[in-house]
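Structure data (TSV, C-alpha atoms) from data.tsv:
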```
chain	number	residue	atom	x	y	z
A	1	MET	CA	125.06	91.56	95.66
A	2	ASN	CA	124.39	95.21	94.86
A	3	LYS	CA	121.30	96.62	93.18
A	4	ALA	CA	122.70	96.52	89.65
A	5	GLU	CA	123.94	92.93	90.00
A	6	PHE	CA	120.64	91.89	91.53
A	7	LYS	CA	118.70	93.37	88.64
A	8	LYS	CA	121.02	91.73	86.13
A	9	GLU	CA	120.82	88.27	87.72
A	10	VAL	CA	117.27	88.11	89.03
A	11	LEU	CA	115.03	90.29	86.87
A	12	PRO	CA	115.45	88.20	83.69
A	13	LEU	CA	113.92	85.31	85.63
A	14	SER	CA	110.69	87.19	86.36
A	15	ASP	CA	108.99	85.55	83.34
A	16	LYS	CA	109.71	82.07	84.66
A	17	MET	CA	108.78	83.13	88.16
A	18	TYR	CA	105.43	84.27	86.84
A	19	ARG	CA	104.88	81.11	84.77
A	20	LEU	CA	105.58	78.86	87.75
A	21	ALA	CA	103.33	80.92	90.01
A	22	HIS	CA	100.59	80.83	87.39
A	23	ARG	CA	100.81	77.06	87.05
A	24	LEU	CA	100.26	76.74	90.77
A	25	LEU	CA	97.75	79.53	91.38
A	26	PHE	CA	95.83	79.75	88.05
A	27	ASP	CA	95.19	83.42	88.63
A	28	SER	CA	96.95	86.35	86.98
A	29	GLU	CA	96.72	88.79	89.90
A	30	ALA	CA	97.62	86.19	92.50
A	31	SER	CA	100.60	85.13	90.35
A	32	ARG	CA	101.75	88.72	90.02
A	33	ASP	CA	101.50	89.20	93.80
A	34	CYS	CA	103.34	85.94	94.31
A	35	VAL	CA	106.21	87.04	92.06
A	36	GLN	CA	106.38	90.39	93.84
A	37	GLU	CA	106.44	88.78	97.30
A	38	SER	CA	109.09	86.32	96.17
A	39	LEU	CA	111.18	89.09	94.70
A	40	ILE	CA	111.11	91.00	98.00
A	41	LYS	CA	112.14	87.84	99.87
A	42	ILE	CA	115.02	87.31	97.44
A	43	TRP	CA	116.03	90.98	97.72
A	44	GLU	CA	116.13	90.74	101.50
A	45	ALA	CA	118.35	87.66	101.23
A	46	ARG	CA	120.59	89.12	98.52
A	47	ALA	CA	123.70	89.05	100.72
A	48	LYS	CA	123.59	85.24	100.56
A	49	LEU	CA	122.91	84.95	96.82
A	50	GLU	CA	126.57	84.87	95.84
A	51	LYS	CA	126.96	81.60	97.73
A	52	VAL	CA	123.99	79.97	95.95
A	53	ASP	CA	125.12	77.42	93.34
A	54	ASN	CA	121.97	77.25	91.25
A	55	LEU	CA	120.42	80.73	91.38
A	56	PRO	CA	117.44	80.07	89.06
A	57	GLY	CA	116.60	76.91	91.02
A	58	TYR	CA	116.86	78.78	94.33
A	59	ILE	CA	114.63	81.58	93.06
A	60	LEU	CA	112.02	79.24	91.61
A	61	ARG	CA	111.92	77.31	94.88
A	62	ILE	CA	111.11	80.54	96.71
A	63	VAL	CA	108.33	81.25	94.19
A	64	ARG	CA	106.94	77.75	94.64
A	65	ASN	CA	106.98	78.02	98.44
A	66	THR	CA	105.36	81.45	98.30
A	67	ALA	CA	102.65	80.15	95.94
A	68	LEU	CA	102.01	77.12	98.15
A	69	ASP	CA	101.72	79.38	101.20
A	70	LYS	CA	99.18	81.46	99.30
A	71	LEU	CA	97.22	78.35	98.36
A	72	ARG	CA	97.21	77.12	101.96
A	73	LYS	CA	96.07	80.53	103.15
A	74	GLU	CA	93.38	80.66	100.46
A	75	LYS	CA	92.26	77.16	101.37
A	76	ARG	CA	91.89	78.21	104.98
A	77	ILE	CA	89.87	81.26	103.96
A	78	GLN	CA	87.71	79.14	101.65
A	79	GLU	CA	87.09	76.67	104.42
A	80	LEU	CA	85.99	79.56	106.58
A	81	ASP	CA	83.81	81.07	103.85
A	82	ALA	CA	82.65	77.69	102.50
A	83	GLU	CA	82.71	79.06	98.94
A	84	PRO	CA	84.04	77.30	95.84
A	85	PRO	CA	87.47	78.43	94.55
A	86	ASP	CA	87.32	81.01	91.78
A	87	TYR	CA	90.89	80.83	90.47
A	88	ILE	CA	90.10	78.00	88.05
A	89	THR	CA	87.80	80.32	86.11
A	90	ASP	CA	90.69	82.62	85.24
A	91	SER	CA	90.38	83.90	81.68
A	92	ASN	CA	93.95	82.89	80.83
A	93	TYR	CA	92.93	79.31	81.21
A	94	GLU	CA	90.10	79.51	78.67
A	95	HIS	CA	91.50	78.54	75.30
A	96	GLU	CA	89.97	77.61	71.98
A	97	GLU	CA	88.68	74.04	71.66
A	98	GLY	CA	91.67	72.83	69.64
A	99	ASN	CA	94.28	74.54	71.80
A	100	SER	CA	92.83	73.42	75.08
A	101	LEU	CA	92.92	69.73	74.14
A	102	ILE	CA	96.46	69.27	75.35
A	103	LEU	CA	95.62	71.09	78.58
A	104	GLN	CA	92.56	68.90	79.07
A	105	ILE	CA	94.68	65.78	78.65
A	106	THR	CA	97.36	67.20	80.92
A	107	GLU	CA	94.74	67.84	83.59
A	108	ARG	CA	94.06	64.11	83.79
A	109	LEU	CA	97.69	63.31	84.68
A	110	PRO	CA	98.80	62.78	88.29
A	111	ASP	CA	99.83	66.09	89.90
A	112	GLN	CA	103.58	65.59	89.75
A	113	GLN	CA	103.60	64.43	86.11
A	114	LYS	CA	101.26	67.28	85.20
A	115	MET	CA	103.50	69.87	86.82
A	116	ILE	CA	106.70	68.47	85.31
A	117	PHE	CA	105.23	68.20	81.80
A	118	THR	CA	103.76	71.70	82.05
A	119	LEU	CA	106.95	73.32	83.27
A	120	ARG	CA	109.13	71.59	80.70
A	121	ASP	CA	107.05	71.36	77.54
A	122	ILE	CA	104.70	74.30	77.97
A	123	GLU	CA	106.66	76.83	80.01
A	124	GLY	CA	110.15	75.92	78.79
A	125	PHE	CA	111.93	75.38	82.13
A	126	THR	CA	115.26	73.54	82.17
A	127	TYR	CA	115.55	70.15	83.88
A	128	ASP	CA	117.61	71.71	86.67
A	129	GLU	CA	115.05	74.44	87.24
A	130	ILE	CA	112.23	71.91	87.47
A	131	ALA	CA	114.22	69.69	89.81
A	132	SER	CA	114.99	72.65	92.10
A	133	SER	CA	111.45	74.02	91.95
A	134	LEU	CA	109.87	70.71	92.88
A	135	ASP	CA	112.63	69.36	95.16
A	136	LEU	CA	113.26	66.36	92.92
A	137	SER	CA	116.34	64.87	91.27
A	138	VAL	CA	116.90	65.57	87.57
A	139	ASN	CA	116.62	61.84	86.93
A	140	ASN	CA	113.26	61.72	88.68
A	141	VAL	CA	112.12	64.67	86.57
A	142	ARG	CA	113.14	62.89	83.36
A	143	VAL	CA	111.39	59.65	84.35
A	144	ASN	CA	108.14	61.43	85.20
A	145	LEU	CA	108.38	63.53	82.06
A	146	SER	CA	108.76	60.45	79.91
A	147	ILE	CA	105.67	58.84	81.45
A	148	ALA	CA	103.66	62.05	81.02
A	149	ARG	CA	104.72	62.56	77.38
A	150	LYS	CA	103.89	58.98	76.46
A	151	LYS	CA	100.47	59.18	78.15
A	152	ILE	CA	99.67	62.44	76.37
A	153	ARG	CA	100.71	61.04	73.00
A	154	GLU	CA	98.61	57.95	73.64
A	155	GLU	CA	95.56	60.06	74.53
A	156	MET	CA	96.01	62.31	71.52
A	157	THR	CA	96.38	59.29	69.25
A	158	LYS	CA	93.10	57.90	70.55
A	159	ILE	CA	91.33	61.22	70.10
A	160	TYR	CA	92.60	61.98	66.60
A	161	ASN	CA	92.29	58.45	65.28
A	162	TYR	CA	89.01	57.49	66.88
A	163	GLY	CA	87.38	60.79	67.83
A	164	LEU	CA	87.22	59.70	71.47
A	165	ARG	CA	87.38	62.17	74.33
B	1	MET	CA	114.71	66.51	58.00
B	2	ASP	CA	115.75	62.89	57.56
B	3	SER	CA	112.88	60.76	58.93
B	4	ASP	CA	115.22	58.31	60.68
B	5	LYS	CA	116.96	61.14	62.46
B	6	LEU	CA	113.57	62.64	63.38
B	7	ASP	CA	112.40	59.28	64.78
B	8	GLU	CA	115.58	59.01	66.81
B	9	ILE	CA	115.09	62.43	68.36
B	10	LEU	CA	111.39	61.72	68.96
B	11	GLU	CA	112.31	58.50	70.72
B	12	ARG	CA	114.67	60.40	73.01
B	13	TYR	CA	111.93	62.98	73.55
B	14	TYR	CA	109.35	60.38	74.67
B	15	ASN	CA	111.95	58.56	76.78
B	16	GLY	CA	112.75	61.77	78.63
B	17	THR	CA	116.39	61.68	77.53
B	18	SER	CA	116.26	64.46	74.96
B	19	THR	CA	118.55	67.47	75.25
B	20	ASP	CA	117.55	71.13	74.92
B	21	GLU	CA	118.97	71.05	71.37
B	22	ASP	CA	116.90	67.95	70.49
B	23	GLU	CA	113.72	69.64	71.62
B	24	GLU	CA	114.57	72.84	69.79
B	25	VAL	CA	115.07	70.79	66.60
B	26	LEU	CA	111.64	69.19	67.10
B	27	LYS	CA	109.94	72.54	67.72
B	28	VAL	CA	111.44	74.10	64.62
B	29	HIS	CA	110.65	71.03	62.51
B	30	PHE	CA	106.99	70.80	63.52
B	31	GLN	CA	106.42	74.55	63.23
B	32	SER	CA	107.28	74.43	59.54
B	33	SER	CA	106.00	70.93	58.83
B	34	SER	CA	102.82	70.30	56.83
B	35	GLU	CA	102.52	66.71	58.12
B	36	ASP	CA	99.30	65.71	59.82
B	37	ASN	CA	100.24	63.30	62.57
B	38	VAL	CA	99.94	63.17	66.34
B	39	ASP	CA	103.48	64.45	66.99
B	40	GLN	CA	102.94	67.45	64.76
B	41	ARG	CA	99.62	68.28	66.53
B	42	LEU	CA	101.22	67.83	69.94
B	43	PHE	CA	104.09	70.23	69.21
B	44	GLN	CA	101.80	72.71	67.53
B	45	GLN	CA	99.50	72.84	70.56
B	46	LEU	CA	102.40	73.04	72.98
B	47	SER	CA	103.59	76.20	71.26
B	48	GLU	CA	100.19	77.83	71.78
B	49	VAL	CA	99.35	77.22	75.40
B	50	ASN	CA	102.06	78.73	77.56
B	51	SER	CA	101.03	81.16	80.28
B	52	PRO	CA	100.79	84.67	78.85
B	53	VAL	CA	103.21	86.76	80.89
B	54	PRO	CA	101.98	90.35	81.44
B	55	ASP	CA	103.93	92.82	79.29
B	56	ASP	CA	104.59	95.16	82.19
B	57	LEU	CA	105.82	92.45	84.56
B	58	PHE	CA	109.51	93.23	84.07
B	59	ASP	CA	109.01	96.98	84.65
B	60	GLU	CA	106.83	96.33	87.66
B	61	MET	CA	109.46	94.07	89.23
B	62	ASP	CA	112.10	96.67	88.46
B	63	GLN	CA	109.99	99.20	90.38
B	64	VAL	CA	109.63	96.78	93.29
B	65	ILE	CA	113.43	96.57	93.57
B	66	GLU	CA	113.77	100.36	93.34
B	67	SER	CA	111.20	100.96	96.06
B	68	GLU	CA	112.77	98.32	98.33
B	69	TRP	CA	116.15	99.94	97.80
B	70	GLU	CA	114.75	103.38	98.63
B	71	LYS	CA	113.03	102.02	101.72
B	72	GLU	CA	116.31	100.52	102.94
B	73	ASN	CA	118.20	103.75	102.28
B	74	LYS	CA	115.61	105.77	104.19
B	75	LEU	CA	115.92	103.39	107.12
B	76	LYS	CA	119.71	103.63	106.99
B	77	PHE	CA	119.53	107.43	106.88
B	78	LYS	CA	117.05	107.43	109.74
B	79	SER	CA	119.29	105.28	111.94
B	80	ILE	CA	122.36	107.39	111.06
B	81	TYR	CA	120.34	110.52	111.90
B	82	LEU	CA	119.29	109.02	115.25
B	83	TRP	CA	122.90	108.12	116.07
B	84	ALA	CA	124.12	111.56	115.09
B	85	SER	CA	121.38	113.22	117.17
B	86	SER	CA	122.27	111.11	120.22
B	87	ILE	CA	125.98	111.88	119.86
B	88	ALA	CA	125.23	115.59	119.40
B	89	ALA	CA	123.03	115.62	122.51
B	90	VAL	CA	125.76	113.94	124.59
B	91	LEU	CA	128.34	116.41	123.26
B	92	ILE	CA	126.14	119.39	124.08
B	93	VAL	CA	125.60	118.15	127.65
B	94	ALA	CA	129.34	117.43	128.08
B	95	LEU	CA	130.34	120.84	126.72
B	96	GLY	CA	127.68	122.47	128.87
B	97	ILE	CA	129.13	120.87	131.98
B	98	MET	CA	132.69	121.77	130.96
B	99	PHE	CA	132.00	125.41	130.23
B	100	TYR	CA	129.35	126.12	132.87
B	101	PRO	CA	130.43	129.34	134.70
B	102	GLN	CA	131.43	128.03	138.15
B	103	GLU	CA	131.87	130.34	141.17
B	104	ASP	CA	135.51	131.33	141.55
B	105	PRO	CA	136.68	130.73	145.16
B	106	THR	CA	138.88	133.81	145.00
B	107	LEU	CA	135.77	135.94	144.74
B	108	LEU	CA	135.35	135.49	148.51
B	109	ALA	CA	138.36	137.79	149.06
B	110	ASP	CA	136.43	140.58	147.45
B	111	THR	CA	133.44	140.36	149.81
B	112	TYR	CA	134.65	143.45	151.63
B	113	GLN	CA	136.04	146.45	149.89
B	114	ASP	CA	137.70	147.91	153.04
B	115	PRO	CA	140.41	145.64	154.57
B	116	GLU	CA	139.82	147.10	158.05
B	117	VAL	CA	136.18	146.13	157.99
B	118	ALA	CA	137.22	142.68	156.78
B	119	TYR	CA	139.71	142.45	159.68
B	120	LEU	CA	137.02	143.37	162.20
B	121	GLU	CA	134.63	140.84	160.73
B	122	THR	CA	137.30	138.13	160.89
B	123	GLN	CA	137.95	139.00	164.50
B	124	LYS	CA	134.26	138.65	165.26
B	125	VAL	CA	134.17	135.24	163.64
B	126	LEU	CA	137.25	134.07	165.52
B	127	LEU	CA	135.81	135.32	168.82
B	128	LEU	CA	132.62	133.46	168.12
B	129	ILE	CA	134.59	130.28	167.44
B	130	SER	CA	136.71	130.63	170.61
B	131	SER	CA	133.69	131.32	172.83
B	132	THR	CA	131.93	128.25	171.46
B	133	MET	CA	135.00	126.14	172.10
B	134	LYS	CA	135.30	127.48	175.66
B	135	SER	CA	131.70	126.66	176.56
B	136	ASN	CA	132.11	123.17	175.15
B	137	SER	CA	135.37	122.57	176.98
B	138	GLN	CA	133.46	123.13	180.29
B	139	ASN	CA	131.64	119.91	179.53
B	140	LEU	CA	134.94	118.14	179.19
B	141	LYS	CA	135.84	118.82	182.89
B	142	TYR	CA	133.95	115.69	183.86
B	143	LEU	CA	136.59	113.70	182.06
B	144	SER	CA	139.14	114.66	184.82
B	145	SER	CA	136.89	113.17	187.53
B	146	ILE	CA	136.80	109.93	185.54
B	147	ASP	CA	140.55	110.07	185.46
B	148	GLN	CA	140.67	110.41	189.29
B	149	SER	CA	138.36	107.41	189.72
B	150	LEU	CA	140.61	105.36	187.51
B	151	SER	CA	143.64	106.26	189.70
B	152	HIS	CA	141.75	104.88	192.71
B	153	CYS	CA	141.23	101.68	190.81
B	154	SER	CA	144.99	101.30	190.49
B	155	LYS	CA	145.17	100.72	194.29
B	156	ILE	CA	143.11	97.55	193.79
B	157	SER	CA	145.84	96.16	191.60
B	158	LYS	CA	148.40	96.91	194.38
B	159	ILE	CA	146.24	94.91	196.87
B	160	ASN	CA	146.07	92.13	194.36
B	161	SER	CA	149.87	92.03	194.00
B	162	THR	CA	150.33	92.04	197.81
B	163	ILE	CA	147.95	89.04	198.13
B	164	ASN	CA	149.94	87.22	195.48
B	165	THR	CA	153.23	87.89	197.36
B	166	ILE	CA	151.77	86.53	200.63
B	167	LYS	CA	150.46	83.44	198.81
B	168	SER	CA	153.88	82.72	197.36
B	169	GLU	CA	155.61	83.07	200.76
B	170	ASN	CA	153.13	80.61	202.37
B	171	ASP	CA	153.84	78.06	199.62
```
Written as structure tokens, how would this file's structure read?
Amino acid sequence: MNKAEFKKEVLPLSDKMYRLAHRLLFDSEASRDCVQESLIKIWEARAKLEKVDNLPGYILRIVRNTALDKLRKEKRIQELDAEPPDYITDSNYEHEEGNSLILQITERLPDQQKMIFTLRDIEGFTYDEIASSLDLSVNNVRVNLSIARKKIREEMTKIYNYGLR
Amino acid sequence: MDSDKLDEILERYYNGTSTDEDEEVLKVHFQSSSEDNVDQRLFQQLSEVNSPVPDDLFDEMDQVIESEWEKENKLKFKSIYLWASSIAAVLIVALGIMFYPQEDPTLLADTYQDPEVAYLETQKVLLLISSTMKSNSQNLKYLSSIDQSLSHCSKISKINSTINTIKSEND
């Protein structure tokens, strides 16, 4: 794949690459670095890209692995420094009371359901992209998504009908 | 939108069987809807909470590709340059060896300008060689005495043959 083809095929996915990285790292700068690192990895492997069946899935899997590596590295550093993580305080995650409600409910979901719901309903990923990113089958993604959506609706119903939080 | 049709799509949505088109229909419907129910609030909030992607991300990633491409080209050029330099060095050495001014053996004929002097010098050299050979051949005289001794030894073989003849006659 030459430079022009690479730009045409890969660059339009940088938004999704960033969104996925941000959902895993919760930090704008770290997400940006993650996308950049992933892009370099993909560039270096561009000779093989023509043989890849699902290019967006392949790319998002690289982003996910890069983000997880970063998290592991950060965890090791934090263990060494014994300081609390600061990425959760990222300003992008601070929304208005009304807007953050859905995020607060989402936070209470199990990790896999939370990630699947976020990628599909918040970030707009396709089922295939989610399946590739998380190493799951599309069917598994749909099942988990259904459970997550129903739980969120149930929680919102409770909150809006009864004022419970 | 027809409420039955909306319920059908919502059911598919919550069962995780909705298509991209179904979900697009729901988004559009709830964006323009004035209803106040949980589904409307859910879709409204979903549209407001996606991760804000930095505006310059695309350009930055474009730059990353450009710089990686330049880096690769520089490396390629560097390796080509190194190869070319090595080949040039080998060629220079080879040409140097080929065209190095070697001493022409015929130049020896021109050592003396006057042929008579050259003749005399040659004579001297030949005399020197012959005198050396003569003195060394003196040392070879001892070889003739060895030869004489060996001829004496041949008599022993005659004795031996005589003994053998006598032995055979006795038998």
Would you please work out which residue, of A:Asn161, A:Ser146, A:Asn139, A:Asn54, is nearest to chain B when using all atoms listed in the file?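 Result for the nearest residue to chain B: A:Ser146.
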For chain B, the nearest of the candidates A:Leu68, A:Leu11, A:Ile105, A:Ala21, counting only C-alpha atoms: A:Leu11
Taking (117.5, 64.6, 88.3) as a centre in this file's frame and 12 Å as the limit, can you find every polymer residue with an atom that close, using all atoms listed in the file, and give them as an NGL selection string? (:A and (116 or 126-145)) or (:B and (16-17))
Near chain A, meaning an atom within 9 Å, which residues of chain B appear when counting all atoms listed in the file? Write them as a ChimeraX atom specification. /B:13-17,20,37-39,41-54,57-58,60-62,64-66,68-69
Suppose you want the space between CA of Asp111 (chain A) and CA of Lys75 (chain A); what is it in Å?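 That distance, rounded to one decimal, is 17.6 Å.
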How far is it from CA of Asp22 (chain B) to CA of Leu10 (chain B), in Å with one decimal?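 The value is 8.5 Å.
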In Å, with one decimal, what is the gap from CA of Glu9 (chain A) to CA of Tyr58 (chain A)? 12.2 Å
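Closest approach to Ala67 (chain A) from the set A:Leu25, A:Phe125, A:Met1, A:Met115 is made by A:Leu25, with distances taken over all atoms listed in the file.
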Find the residues near Leu71 (chain A): any atom within 10 Å, counting all atoms listed in the file, skip ones fewer than 6 places away on the same chain, and give them as JSON, numbers by chain. {"A": [24, 25, 30, 65, 77]}
